[in-house]
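J.: Pasting protein.cif here (mmCIF, C-alpha atoms and all ligand atoms):
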data_query
loop_
_atom_site.label_atom_id
_atom_site.label_comp_id
_atom_site.auth_asym_id
_atom_site.auth_seq_id
_atom_site.Cartn_x
_atom_site.Cartn_y
_atom_site.Cartn_z
CA MET D 1056 -18.40 -4.40 15.44
CA THR D 1057 -17.97 -7.36 13.09
CA HIS D 1058 -14.25 -7.48 12.75
CA LEU D 1059 -12.25 -10.66 12.79
CA THR D 1060 -9.36 -11.00 15.23
CA LEU D 1061 -6.88 -13.82 15.51
CA GLN D 1062 -5.14 -14.22 18.85
CA ALA D 1063 -1.99 -16.38 18.91
CA VAL D 1064 -3.67 -18.84 16.55
CA THR D 1065 -1.54 -21.95 16.22
CA LYS D 1066 -1.92 -25.22 14.36
CA GLN D 1067 0.41 -28.14 14.82
CA PHE D 1068 0.37 -31.19 12.61
CA ASN D 1069 2.33 -33.84 14.50
CA ALA D 1070 5.44 -32.03 15.71
CA SER D 1071 5.52 -29.24 13.13
CA TYR D 1072 3.84 -25.87 13.22
CA ALA D 1073 1.74 -25.14 10.11
CA VAL D 1074 0.60 -21.89 11.75
CA ASP D 1075 2.64 -20.48 14.59
CA HIS D 1076 1.10 -17.95 17.00
CA VAL D 1077 -0.55 -15.68 14.47
CA ASP D 1078 -2.02 -12.41 15.73
CA LEU D 1079 -4.07 -10.43 13.23
CA ARG D 1080 -6.94 -7.99 13.02
CA VAL D 1081 -8.88 -7.92 9.76
CA PRO D 1082 -10.50 -4.52 9.22
CA ASP D 1083 -14.20 -4.41 8.29
CA GLY D 1084 -15.08 -4.04 4.64
CA LYS D 1085 -11.53 -4.62 3.44
CA LEU D 1086 -9.97 -7.24 1.22
CA VAL D 1087 -7.00 -8.89 2.90
CA CYS D 1088 -4.68 -11.29 1.08
CA PHE D 1089 -2.71 -14.05 2.76
CA LEU D 1090 0.39 -14.26 0.59
CA GLY D 1091 3.38 -16.54 0.79
CA PRO D 1092 5.20 -19.47 -0.76
CA SER D 1093 3.80 -22.97 -0.88
CA GLY D 1094 3.53 -24.58 2.55
CA CYS D 1095 3.76 -21.36 4.60
CA GLY D 1096 0.39 -22.01 6.26
CA LYS D 1097 -2.00 -19.75 4.31
CA THR D 1098 -4.66 -22.38 3.68
CA THR D 1099 -4.45 -23.81 7.19
CA LEU D 1100 -4.97 -20.32 8.63
CA LEU D 1101 -7.95 -19.68 6.34
CA ARG D 1102 -9.44 -23.08 7.22
CA MET D 1103 -9.24 -22.23 10.92
CA ILE D 1104 -11.10 -18.98 10.24
CA ALA D 1105 -13.68 -20.96 8.26
CA GLY D 1106 -14.09 -23.52 11.04
CA LEU D 1107 -12.86 -26.38 8.87
CA GLU D 1108 -9.81 -26.88 11.07
CA THR D 1109 -9.51 -26.49 14.85
CA PRO D 1110 -6.56 -24.50 16.21
CA THR D 1111 -4.16 -26.36 18.49
CA SER D 1112 -4.17 -23.19 20.60
CA GLY D 1113 -5.18 -19.55 20.32
CA ARG D 1114 -8.52 -17.89 19.63
CA VAL D 1115 -10.55 -16.79 16.61
CA MET D 1116 -12.80 -13.87 17.55
CA PHE D 1117 -15.57 -12.51 15.35
CA ALA D 1118 -17.82 -9.58 16.24
CA GLY D 1119 -16.57 -9.81 19.81
CA ARG D 1120 -17.44 -13.52 20.13
CA ASP D 1121 -15.02 -16.40 20.54
CA ILE D 1122 -15.82 -18.64 17.56
CA THR D 1123 -12.73 -20.86 17.82
CA HIS D 1124 -14.81 -24.01 18.30
CA LEU D 1125 -17.98 -22.98 16.45
CA PRO D 1126 -18.74 -25.46 13.62
CA ALA D 1127 -18.24 -24.13 10.08
CA ASN D 1128 -21.93 -24.34 9.19
CA ARG D 1129 -22.84 -22.06 12.09
CA ARG D 1130 -20.40 -19.30 11.17
CA ASP D 1131 -22.37 -18.01 8.19
CA PHE D 1132 -19.24 -17.22 6.22
CA GLY D 1133 -19.18 -17.40 2.41
CA MET D 1134 -16.46 -19.56 0.93
CA VAL D 1135 -14.97 -20.18 -2.49
CA PHE D 1136 -12.20 -22.72 -2.75
CA GLN D 1137 -9.82 -23.70 -5.51
CA SER D 1138 -12.10 -26.50 -6.65
CA LEU D 1139 -15.28 -24.49 -6.95
CA ALA D 1140 -17.50 -27.44 -6.08
CA LEU D 1141 -20.50 -26.16 -8.01
CA PHE D 1142 -23.15 -28.86 -8.29
CA PRO D 1143 -22.70 -30.10 -11.87
CA HIS D 1144 -26.21 -31.51 -12.23
CA MET D 1145 -27.79 -28.16 -11.32
CA THR D 1146 -28.43 -24.98 -13.27
CA VAL D 1147 -26.86 -21.62 -12.45
CA ALA D 1148 -29.96 -20.53 -10.52
CA GLN D 1149 -30.19 -23.81 -8.60
CA ASN D 1150 -26.56 -23.51 -7.56
CA ILE D 1151 -27.03 -19.96 -6.32
CA ALA D 1152 -30.29 -20.94 -4.58
CA TYR D 1153 -28.63 -23.74 -2.63
CA PRO D 1154 -27.60 -21.75 0.47
CA LEU D 1155 -30.96 -19.94 0.41
CA ARG D 1156 -32.81 -23.26 0.42
CA LEU D 1157 -30.72 -24.44 3.34
CA ARG D 1158 -31.85 -21.36 5.23
CA LYS D 1159 -35.45 -22.06 4.27
CA ILE D 1160 -35.89 -18.69 2.58
CA ASP D 1161 -39.30 -18.59 0.89
CA LYS D 1162 -39.54 -19.14 -2.86
CA THR D 1163 -40.41 -15.52 -3.79
CA ALA D 1164 -37.54 -14.07 -1.80
CA GLN D 1165 -35.23 -16.72 -3.29
CA ALA D 1166 -36.23 -15.75 -6.85
CA ARG D 1167 -35.69 -12.06 -6.08
CA ARG D 1168 -32.27 -12.70 -4.58
CA ILE D 1169 -31.19 -14.94 -7.48
CA ALA D 1170 -32.17 -12.28 -10.02
CA GLU D 1171 -30.26 -9.68 -8.02
CA LEU D 1172 -27.14 -11.86 -7.86
CA LEU D 1173 -27.31 -12.76 -11.55
CA ASP D 1174 -27.33 -9.05 -12.34
CA LEU D 1175 -24.45 -8.48 -9.97
CA ILE D 1176 -22.27 -11.13 -11.64
CA GLN D 1177 -23.45 -9.98 -15.08
CA LEU D 1178 -25.01 -13.28 -16.11
CA PRO D 1179 -28.68 -12.22 -16.10
CA HIS D 1180 -29.73 -14.54 -18.93
CA MET D 1181 -28.01 -17.65 -17.69
CA ALA D 1182 -30.30 -18.68 -14.84
CA ASN D 1183 -31.41 -21.92 -16.46
CA ARG D 1184 -28.11 -22.89 -18.04
CA PRO D 1185 -26.50 -26.04 -16.59
CA VAL D 1186 -23.23 -24.99 -14.96
CA THR D 1187 -21.39 -27.57 -17.09
CA GLN D 1188 -22.11 -25.33 -20.08
CA LEU D 1189 -20.35 -22.27 -18.67
CA SER D 1190 -16.83 -20.98 -19.30
CA GLY D 1191 -14.25 -21.02 -16.50
CA GLY D 1192 -14.78 -17.34 -15.73
CA GLN D 1193 -18.56 -17.69 -15.70
CA ARG D 1194 -18.34 -20.63 -13.30
CA GLN D 1195 -16.10 -18.55 -11.10
CA ARG D 1196 -18.70 -15.83 -10.94
CA VAL D 1197 -21.45 -18.32 -10.11
CA ALA D 1198 -19.33 -19.74 -7.29
CA ILE D 1199 -18.92 -16.23 -5.89
CA ALA D 1200 -22.64 -15.48 -6.26
CA ARG D 1201 -23.43 -18.68 -4.36
CA ALA D 1202 -20.92 -17.77 -1.63
CA ILE D 1203 -22.48 -14.33 -1.11
CA ALA D 1204 -26.13 -15.36 -1.67
CA SER D 1205 -27.04 -15.32 1.99
CA SER D 1206 -25.15 -12.05 2.64
CA PRO D 1207 -22.34 -13.48 4.77
CA LYS D 1208 -20.40 -11.13 7.01
CA LEU D 1209 -17.12 -12.61 5.83
CA LEU D 1210 -16.07 -14.00 2.46
CA LEU D 1211 -13.20 -16.51 2.37
CA LEU D 1212 -11.48 -17.21 -0.94
CA ASP D 1213 -8.75 -19.84 -1.29
CA GLU D 1214 -6.85 -19.45 -4.58
CA PRO D 1215 -10.18 -19.02 -6.39
CA LEU D 1216 -8.57 -18.04 -9.68
CA SER D 1217 -5.75 -20.55 -9.91
CA ALA D 1218 -7.49 -22.73 -12.50
CA LEU D 1219 -7.97 -19.86 -14.96
CA ASP D 1220 -5.63 -18.82 -17.76
CA ALA D 1221 -3.57 -15.67 -17.28
CA LYS D 1222 -5.80 -13.24 -19.18
CA LEU D 1223 -9.08 -14.38 -17.65
CA ARG D 1224 -7.44 -14.48 -14.26
CA GLU D 1225 -6.45 -10.81 -14.52
CA ALA D 1226 -9.94 -9.84 -15.65
CA MET D 1227 -11.50 -11.77 -12.75
CA GLN D 1228 -9.15 -10.13 -10.26
CA VAL D 1229 -10.58 -6.76 -11.21
CA GLU D 1230 -14.16 -8.09 -11.26
CA ILE D 1231 -13.94 -9.65 -7.81
CA ARG D 1232 -12.28 -6.55 -6.42
CA LEU D 1233 -14.97 -4.24 -7.80
CA LEU D 1234 -17.73 -6.53 -6.55
CA GLN D 1235 -16.14 -6.72 -3.11
CA GLN D 1236 -15.87 -2.94 -2.93
CA ARG D 1237 -19.44 -2.43 -4.13
CA LEU D 1238 -20.78 -4.83 -1.49
CA GLY D 1239 -18.33 -3.70 1.19
CA ILE D 1240 -17.94 -7.31 2.27
CA THR D 1241 -14.94 -8.17 4.44
CA THR D 1242 -12.92 -10.66 2.39
CA ILE D 1243 -9.88 -12.81 3.02
CA MET D 1244 -8.18 -14.31 0.01
CA VAL D 1245 -5.32 -16.80 -0.08
CA THR D 1246 -2.89 -16.50 -2.96
CA HIS D 1247 0.72 -17.29 -3.72
CA ASP D 1248 0.72 -14.80 -6.59
CA GLN D 1249 2.16 -11.47 -5.47
CA ARG D 1250 0.79 -9.60 -8.50
CA GLU D 1251 -2.69 -10.86 -7.68
CA ALA D 1252 -2.31 -9.70 -4.08
CA MET D 1253 -0.96 -6.30 -5.17
CA THR D 1254 -3.88 -5.87 -7.61
CA MET D 1255 -6.66 -6.82 -5.25
CA ALA D 1256 -5.74 -6.27 -1.62
CA ASP D 1257 -6.28 -3.38 0.76
CA GLU D 1258 -3.87 -5.16 3.02
CA ILE D 1259 -1.39 -7.97 2.43
CA VAL D 1260 -0.35 -10.43 5.11
CA VAL D 1261 2.97 -11.95 4.01
CA MET D 1262 3.53 -15.35 5.62
CA GLU D 1263 6.72 -17.32 6.05
CA ARG D 1264 6.88 -20.74 7.70
CA GLY D 1265 3.65 -20.40 9.64
CA ARG D 1266 4.34 -16.88 10.87
CA ILE D 1267 3.44 -13.42 9.70
CA ALA D 1268 6.48 -11.76 8.17
CA GLN D 1269 4.76 -8.42 7.48
CA VAL D 1270 1.32 -6.82 7.27
CA GLY D 1271 0.75 -3.69 5.23
CA THR D 1272 -0.76 -2.06 2.18
CA PRO D 1273 0.58 -3.40 -1.14
CA LEU D 1274 2.63 -0.26 -1.69
CA ASN D 1275 3.97 -0.24 1.84
CA ILE D 1276 5.14 -3.82 1.53
CA TYR D 1277 6.67 -3.17 -1.90
CA ARG D 1278 8.44 0.00 -0.80
CA GLU D 1279 9.26 -0.84 2.81
CA PRO D 1280 9.79 -4.58 3.12
CA VAL D 1281 10.95 -5.47 6.62
CA ASN D 1282 13.48 -8.06 5.52
CA GLU D 1283 15.05 -9.92 2.62
CA PHE D 1284 12.35 -12.60 2.53
CA VAL D 1285 9.56 -10.05 2.00
CA ALA D 1286 11.65 -7.97 -0.43
CA ASP D 1287 12.42 -11.04 -2.49
CA PHE D 1288 8.87 -12.38 -2.45
CA ILE D 1289 7.26 -9.10 -3.51
CA GLY D 1290 8.20 -7.96 -6.98
CA LEU D 1291 11.54 -7.94 -8.68
CA GLY D 1292 14.36 -6.56 -6.66
CA ASN D 1293 18.10 -6.19 -6.74
CA ILE D 1294 19.17 -7.55 -3.37
CA LEU D 1295 22.89 -7.17 -2.77
CA PRO D 1296 25.01 -8.30 0.20
CA VAL D 1297 26.68 -5.13 1.49
CA THR D 1298 28.71 -3.84 4.40
CA VAL D 1299 28.87 -0.43 6.01
CA ALA D 1300 32.21 1.37 5.90
CA LYS D 1301 33.43 3.49 8.83
CA GLY D 1302 32.16 6.74 7.37
CA GLY D 1303 28.68 5.29 6.77
CA GLN D 1304 29.22 4.62 3.07
CA ILE D 1305 27.78 1.36 1.74
CA VAL D 1306 30.30 -1.06 0.27
CA LEU D 1307 28.87 -3.02 -2.68
CA PRO D 1308 29.93 -6.61 -3.49
CA GLY D 1309 32.42 -5.32 -6.10
CA GLY D 1310 34.03 -2.95 -3.57
CA GLN D 1311 32.43 0.21 -5.01
CA GLN D 1312 31.03 2.59 -2.41
CA ILE D 1313 27.74 4.48 -2.48
CA GLY D 1314 25.85 6.72 -0.08
CA VAL D 1315 22.32 6.17 1.18
CA THR D 1316 20.00 8.69 2.80
CA ALA D 1317 19.37 8.68 6.53
CA SER D 1318 15.88 7.24 6.15
CA THR D 1319 17.30 4.08 4.62
CA ARG D 1320 20.03 3.46 7.15
CA ALA D 1321 20.76 -0.06 8.32
CA PRO D 1322 18.29 -1.78 10.61
CA GLU D 1323 19.33 -2.06 14.25
CA THR D 1324 20.29 -5.68 13.88
CA ALA D 1325 23.57 -7.38 14.46
CA GLY D 1326 23.10 -9.67 11.46
CA ASP D 1327 24.07 -9.26 7.83
CA ILE D 1328 22.46 -6.54 5.80
CA ARG D 1329 21.30 -6.32 2.22
CA LEU D 1330 20.79 -3.41 -0.08
CA LEU D 1331 17.47 -3.44 -1.93
CA ILE D 1332 16.92 -1.35 -5.01
CA ARG D 1333 13.95 -1.98 -7.30
CA PRO D 1334 14.71 -2.21 -11.05
CA GLU D 1335 12.60 0.86 -11.83
CA ASP D 1336 14.78 2.92 -9.49
CA VAL D 1337 18.05 2.07 -11.25
CA CYS D 1338 18.77 4.82 -13.78
CA ILE D 1339 20.78 3.87 -16.83
CA LYS D 1340 23.09 6.68 -17.98
CA ARG D 1341 25.59 6.89 -20.80
CA ALA D 1342 29.06 5.74 -19.80
CA ASP D 1343 30.42 9.25 -20.43
CA ALA D 1344 27.69 10.94 -18.37
CA GLY D 1345 30.19 11.92 -15.69
CA ALA D 1346 31.41 10.50 -12.40
CA VAL D 1347 28.59 11.56 -10.10
CA ALA D 1348 28.17 9.86 -6.69
CA ASN D 1349 26.27 6.55 -6.68
CA ARG D 1350 27.05 5.80 -10.33
CA ILE D 1351 28.54 2.38 -11.07
CA ALA D 1352 30.10 1.35 -14.38
CA GLY D 1353 28.66 -1.77 -15.97
CA LYS D 1354 28.06 -3.65 -19.17
CA VAL D 1355 24.64 -4.61 -20.54
CA THR D 1356 24.53 -8.42 -20.84
CA PHE D 1357 20.86 -9.07 -21.59
CA ILE D 1358 17.84 -7.09 -22.70
CA ARG D 1359 14.24 -8.21 -22.34
CA ASP D 1360 12.24 -5.86 -24.54
CA VAL D 1361 8.46 -6.38 -24.35
CA GLY D 1362 7.55 -3.26 -26.30
CA ALA D 1363 6.19 -1.00 -23.58
CA SER D 1364 9.05 -1.64 -21.20
CA ILE D 1365 12.63 -2.86 -21.25
CA GLU D 1366 14.43 -4.84 -18.61
CA ALA D 1367 18.20 -4.74 -18.82
CA THR D 1368 20.70 -6.93 -17.01
CA ILE D 1369 23.88 -5.04 -16.18
CA ASP D 1370 27.10 -6.71 -15.09
CA CYS D 1371 28.77 -4.31 -12.67
CA ASP D 1372 32.02 -6.18 -12.04
CA GLY D 1373 31.23 -8.05 -8.84
CA PHE D 1374 27.46 -8.12 -8.99
CA VAL D 1375 24.59 -7.97 -11.42
CA LEU D 1376 21.80 -5.39 -11.53
CA THR D 1377 18.41 -5.50 -13.22
CA ALA D 1378 17.18 -2.12 -14.44
CA ALA D 1379 13.70 -1.38 -15.79
CA THR D 1380 13.47 1.31 -18.39
CA THR D 1381 11.40 2.30 -21.45
CA PRO D 1382 12.24 2.65 -25.15
CA ARG D 1383 11.75 6.41 -24.74
CA GLU D 1384 14.24 6.72 -21.88
CA THR D 1385 16.92 4.51 -23.41
CA PRO D 1386 16.27 4.28 -27.16
CA ASP D 1387 19.68 2.97 -28.17
CA LEU D 1388 20.32 0.43 -25.42
CA SER D 1389 22.02 -2.71 -26.71
CA VAL D 1390 23.77 -5.81 -25.41
CA GLY D 1391 27.48 -5.21 -24.89
CA MET D 1392 27.04 -1.48 -24.29
CA VAL D 1393 29.05 0.00 -21.43
CA VAL D 1394 26.79 2.16 -19.25
CA SER D 1395 26.71 3.91 -15.94
CA ALA D 1396 24.05 2.64 -13.52
CA GLU D 1397 22.90 5.23 -11.03
CA LEU D 1398 21.53 3.99 -7.70
CA PRO D 1399 19.87 7.10 -6.24
CA ALA D 1400 20.61 7.36 -2.51
CA TYR D 1401 16.94 7.83 -1.62
CA SER D 1402 15.91 4.65 -3.53
CA CYS D 1403 18.38 2.35 -1.79
CA LYS D 1404 16.90 0.48 1.12
CA LEU D 1405 18.93 -1.40 3.72
CA ILE D 1406 17.22 -4.50 5.07
CA ALA D 1407 18.00 -7.43 7.32
CA ALA D 1408 19.34 -10.49 5.53
CA ARG D 1409 17.36 -13.73 5.45
CA THR D 1410 18.24 -15.75 8.52
CA ALA D 1411 17.92 -19.28 7.13
P1 LIG D 1501 -0.02 -23.98 -0.71
O1 LIG D 1501 0.17 -22.62 -1.30
O2 LIG D 1501 0.89 -25.01 -1.29
O3 LIG D 1501 -1.46 -24.43 -0.67
P2 LIG D 1501 -0.13 -23.14 2.07
O4 LIG D 1501 0.67 -21.93 2.37
O5 LIG D 1501 -1.60 -22.97 1.91
O6 LIG D 1501 0.48 -23.90 0.82
P3 LIG D 1501 -0.82 -25.11 4.05
O7 LIG D 1501 -1.62 -25.94 3.11
O8 LIG D 1501 -1.53 -24.31 5.05
O9 LIG D 1501 0.18 -24.16 3.24
O10 LIG D 1501 0.23 -26.08 4.78
C1 LIG D 1501 1.12 -25.62 5.78
C2 LIG D 1501 1.94 -26.79 6.30
O11 LIG D 1501 1.12 -27.69 7.01
C3 LIG D 1501 2.59 -27.62 5.19
O12 LIG D 1501 3.87 -28.00 5.62
C4 LIG D 1501 1.67 -28.80 5.05
O13 LIG D 1501 2.39 -29.93 4.60
C5 LIG D 1501 1.17 -28.99 6.46
N1 LIG D 1501 -0.20 -29.57 6.49
C6 LIG D 1501 -1.31 -28.98 6.00
N2 LIG D 1501 -2.39 -29.75 6.22
C7 LIG D 1501 -1.95 -30.88 6.86
C8 LIG D 1501 -2.59 -32.05 7.39
N3 LIG D 1501 -3.89 -32.22 7.28
N4 LIG D 1501 -1.79 -32.95 7.99
C9 LIG D 1501 -0.46 -32.79 8.11
N5 LIG D 1501 0.19 -31.69 7.66
C10 LIG D 1501 -0.53 -30.74 7.04
#
Hey, can you dump this file as structure tokens for me?

T.:
Amino acid sequence: MTHLTLQAVTKQFNASYAVDHVDLRVPDGKLVCFLGPSGCGKTTLLRMIAGLETPTSGRVMFAGRDITHLPANRRDFGMVFQSLALFPHMTVAQNIAYPLRLRKIDKTAQARRIAELLDLIQLPHMANRPVTQLSGGQRQRVAIARAIASSPKLLLLDEPLSALDAKLREAMQVEIRLLQQRLGITTIMVTHDQREAMTMADEIVVMERGRIAQVGTPLNIYREPVNEFVADFIGLGNILPVTVAKGGQIVLPGGQQIGVTASTRAPETAGDIRLLIRPEDVCIKRADAGAVANRIAGKVTFIRDVGASIEATIDCDGFVLTAATTPRETPDLSVGMVVSAELPAYSCKLIAARTA
């Protein structure tokens, strides 16, 4: 039993709550992402797990032990932060050896472990290279090798890829994920990039103003967001203010009515509701395709064509929809075209509106 559990973990800075009664269980061997906008408390929460920050109240439990007040250097967790903090005057091997030296591992075992890690990060011939002579991605890998050198039970990553350019960043996301899966090391990663979280995580913890808004698999959070904040933060979405008519029909902002299936019926809240439909679920039909239920007339006002996919903005007289399509599905789509946008009943999700 090595799992990490947070029990009502809270951190106050002066009068404000950076982290507000967070309860969480991190499953063994999984990669969990803390995701949320700037200032929502992701880093503070990670720092409390690392032991770099003391909770105002609540408990951090690891492997059945209360480690809330255990100093960081006695937790044996691996860490990689935004500023990698590799030692610039040292070689690759010396950097990786650092935590092993601290633990007084003998020289032969150190050499064996360094060779193993260099293979793992695919830099076997770079042992004696000064880290200042490495590319951004290579440095990143060395930082990860150093963090896992002493086989920590938990790996903590705080925006480790934010300094890299987009292409390298995407490549590293896959690399870190594959490495994490191969080693089976429980990992928590902070990111504000929802695509990064979707690519890498087994589980995403969406945070809003110091609290957990939702925990789930990437797909679960994308498909079943609990509220407008999560729906808006994860992926592109059409989020429309709607009302429910007497017969259960949904009234769109332009007054048009559509039906939704039972599984998407309004949450049991008294507050305002929103209709969420993802762009890939909006079907663009020809204007003369017939007046079938859930079809809304609209005019194409903008097209973003990136070759493999097309994103169309459709003005539906009262609201605007974004629809994702492909050149094959809609070969003759053009700005100014009058179309019929179908919102399939089973793809429409009713969610609680943002409260503030
Ligand atoms: P970002 O993505 O911008 O790094 P974050 O989600 O990691 O943001 P935190 O850095 O955890 O957010 O900060 C949460 C809140 O706590 C913010 O309002 C921040 O200003 C505040 N905060 C963080 N550290 C301190 C500190 N040492 N003293 C006072 N306030 C702090």

J.: Which residues of chain D come within 10 Å of ligand LIG 1501 (chain D), and for each one, what is the closest pair of atoms and their distance in Å to one decimal, counting all atoms listed in the file, sorted by chain and residue number, as JSON lines?

T.:
{"residue": "D:Lys1066", "atom": "CA", "partner": "D:LIG1501", "partner_atom": "O11", "distance": 8.3}
{"residue": "D:Gln1067", "atom": "CA", "partner": "D:LIG1501", "partner_atom": "O11", "distance": 7.9}
{"residue": "D:Phe1068", "atom": "CA", "partner": "D:LIG1501", "partner_atom": "C9", "distance": 4.8}
{"residue": "D:Asn1069", "atom": "CA", "partner": "D:LIG1501", "partner_atom": "C9", "distance": 7.1}
{"residue": "D:Ala1070", "atom": "CA", "partner": "D:LIG1501", "partner_atom": "N5", "distance": 9.6}
{"residue": "D:Ser1071", "atom": "CA", "partner": "D:LIG1501", "partner_atom": "O11", "distance": 7.7}
{"residue": "D:Tyr1072", "atom": "CA", "partner": "D:LIG1501", "partner_atom": "O11", "distance": 7.0}
{"residue": "D:Ala1073", "atom": "CA", "partner": "D:LIG1501", "partner_atom": "O11", "distance": 4.1}
{"residue": "D:Val1074", "atom": "CA", "partner": "D:LIG1501", "partner_atom": "C1", "distance": 7.1}
{"residue": "D:Phe1089", "atom": "CA", "partner": "D:LIG1501", "partner_atom": "O4", "distance": 8.6}
{"residue": "D:Leu1090", "atom": "CA", "partner": "D:LIG1501", "partner_atom": "O4", "distance": 7.9}
{"residue": "D:Gly1091", "atom": "CA", "partner": "D:LIG1501", "partner_atom": "O4", "distance": 6.2}
{"residue": "D:Pro1092", "atom": "CA", "partner": "D:LIG1501", "partner_atom": "O1", "distance": 6.0}
{"residue": "D:Ser1093", "atom": "CA", "partner": "D:LIG1501", "partner_atom": "O2", "distance": 3.6}
{"residue": "D:Gly1094", "atom": "CA", "partner": "D:LIG1501", "partner_atom": "O9", "distance": 3.4}
{"residue": "D:Cys1095", "atom": "CA", "partner": "D:LIG1501", "partner_atom": "O4", "distance": 3.9}
{"residue": "D:Gly1096", "atom": "CA", "partner": "D:LIG1501", "partner_atom": "O8", "distance": 3.2}
{"residue": "D:Lys1097", "atom": "CA", "partner": "D:LIG1501", "partner_atom": "O4", "distance": 4.0}
{"residue": "D:Thr1098", "atom": "CA", "partner": "D:LIG1501", "partner_atom": "O5", "distance": 3.6}
{"residue": "D:Thr1099", "atom": "CA", "partner": "D:LIG1501", "partner_atom": "O8", "distance": 3.7}
{"residue": "D:Leu1100", "atom": "CA", "partner": "D:LIG1501", "partner_atom": "O8", "distance": 6.4}
{"residue": "D:Leu1101", "atom": "CA", "partner": "D:LIG1501", "partner_atom": "O8", "distance": 8.0}
{"residue": "D:Arg1102", "atom": "CA", "partner": "D:LIG1501", "partner_atom": "O8", "distance": 8.3}
{"residue": "D:Met1103", "atom": "CA", "partner": "D:LIG1501", "partner_atom": "O8", "distance": 9.9}
{"residue": "D:Glu1108", "atom": "CA", "partner": "D:LIG1501", "partner_atom": "N3", "distance": 8.8}
{"residue": "D:Gln1137", "atom": "CA", "partner": "D:LIG1501", "partner_atom": "O3", "distance": 9.7}
{"residue": "D:Asp1213", "atom": "CA", "partner": "D:LIG1501", "partner_atom": "O5", "distance": 8.4}
{"residue": "D:Glu1214", "atom": "CA", "partner": "D:LIG1501", "partner_atom": "O3", "distance": 8.3}
{"residue": "D:Val1245", "atom": "CA", "partner": "D:LIG1501", "partner_atom": "O5", "distance": 7.5}
{"residue": "D:Thr1246", "atom": "CA", "partner": "D:LIG1501", "partner_atom": "O1", "distance": 7.0}
{"residue": "D:His1247", "atom": "CA", "partner": "D:LIG1501", "partner_atom": "O1", "distance": 5.9}
{"residue": "D:Asp1248", "atom": "CA", "partner": "D:LIG1501", "partner_atom": "O1", "distance": 9.5}
{"residue": "D:Met1262", "atom": "CA", "partner": "D:LIG1501", "partner_atom": "O4", "distance": 7.9}
{"residue": "D:Glu1263", "atom": "CA", "partner": "D:LIG1501", "partner_atom": "O4", "distance": 8.4}
{"residue": "D:Arg1264", "atom": "CA", "partner": "D:LIG1501", "partner_atom": "C1", "distance": 7.8}
{"residue": "D:Gly1265", "atom": "CA", "partner": "D:LIG1501", "partner_atom": "C1", "distance": 7.0}

J.: Which residue, D:Gln1304, D:Thr1163, D:Ser1217, D:Thr1187, has the smallest gap to Asn1150 (chain D) when you use all atoms listed in the file?

T.: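 Of the candidates, the smallest distance to Asn1150 (chain D) is held by D:Thr1187.
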
J.: For Met1116 (chain D), find every residue with an atom within 8 Å (counting only C-alpha atoms), except residues of its own chain fewer than 6 positions away, and show them as a list in words.

T.: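 Contacts, in chain order: Leu1059, Thr1060, Leu1061, Gln1062, Ile1122 and Thr1123 of chain D.
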
J.: Counting all atoms listed in the file, figure out which residue out of D:Val1229, D:Ile1358, D:Ile1294, D:Ala1342 gets nearest to Phe1374 (chain D).

T.: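 Of D:Val1229, D:Ile1358, D:Ile1294, D:Ala1342, the one nearest Phe1374 (chain D) is D:Ile1294, counting all atoms listed in the file.
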
J.: Got a sec: who's within 10 Å of region 1172-1178 of chain D, counting all atoms listed in the file, leaving out chain neighbours fewer than 5 positions off, as a list in words?

T.: Val1147, Ala1148, Ile1151, Ala1166, Arg1167, Gln1193, Gln1195, Arg1196, Val1197, Ile1199, Ala1200, Arg1201, Ile1203, Ala1204, Glu1230, Ile1231, Leu1234, Arg1237 and Leu1238 of chain D

J.: Using all atoms listed in the file, find the one residue out of D:Phe1136, D:Arg1130, D:Ile1240, D:Val1270 that sits nearest to Leu1216 (chain D).

T.: D:Phe1136

J.: Do you have the CA of Leu1209 (chain D)-CA of His1058 (chain D) distance handy?

T.: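 Those two atoms sit 9.1 Å apart.
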
J.: Kindly give the distance, in Å, that separates CA of Pro1126 (chain D) and CA of Tyr1153 (chain D), rounded to a single decimal.

T.: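 Value for the CA of Pro1126 (chain D)-CA of Tyr1153 (chain D) distance: 19.1 Å.
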
J.: Could you give me, as a VMD selection string, the residues that sit within 10 Å of (13.7, 2.0, -17.1) in the file's coordinates, counting all atoms listed in the file?

T.: chain D and resid 1334 to 1339 1364 to 1367 1377 to 1385

J.: For the atom pair CA of Gly1192 (chain D) and CA of Lys1222 (chain D), what is the interatomic distance in Å to one decimal place?

T.: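 Computing it gives 10.5 Å between the two atoms.
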
J.: Taking only C-alpha atoms into account, name the residue in D:Gly1290, D:Gly1373, D:Gly1391, D:Pro1280 that is nearest to Pro1308 (chain D).

T.: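 For Pro1308 (chain D), the nearest of the candidates is D:Gly1373.
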
J.: Nearest to Asp1372 (chain D) among D:Ser1389, D:Asn1128, D:Gln1311, D:Thr1410, with distances taken over only C-alpha atoms: which residue is it?

T.: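 Residue with the minimum atom-to-atom distance to Asp1372 (chain D): D:Gln1311.
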
J.: Pick the closest to Leu1398 (chain D) from D:Ala1226, D:Ala1346, D:Val1285, D:Val1315: which is it, counting all atoms listed in the file?

T.: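 Distance minimum relative to Leu1398 (chain D) lands on D:Val1315.
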
J.: Could you list, as a list in words, every residue within 7 Å of Asn1349 (chain D), counting all atoms listed in the file and ignoring same-chain residues fewer than 2 positions away?

T.: Ile1313, Gly1314, Val1347, Ile1351, Glu1397, Leu1398 and Pro1399 of chain D

J.: Specify the axis-aligned box that encloses all atoms of region 1186-1197 of chain D listed in the file after padding of 5 Å on each side, stating its centre and edge lengths in Å to one decimal as JSON.

T.:
{"center_x": -18.7, "center_y": -21.7, "center_z": -15.1, "size_x": 19.0, "size_y": 21.7, "size_z": 20.0}
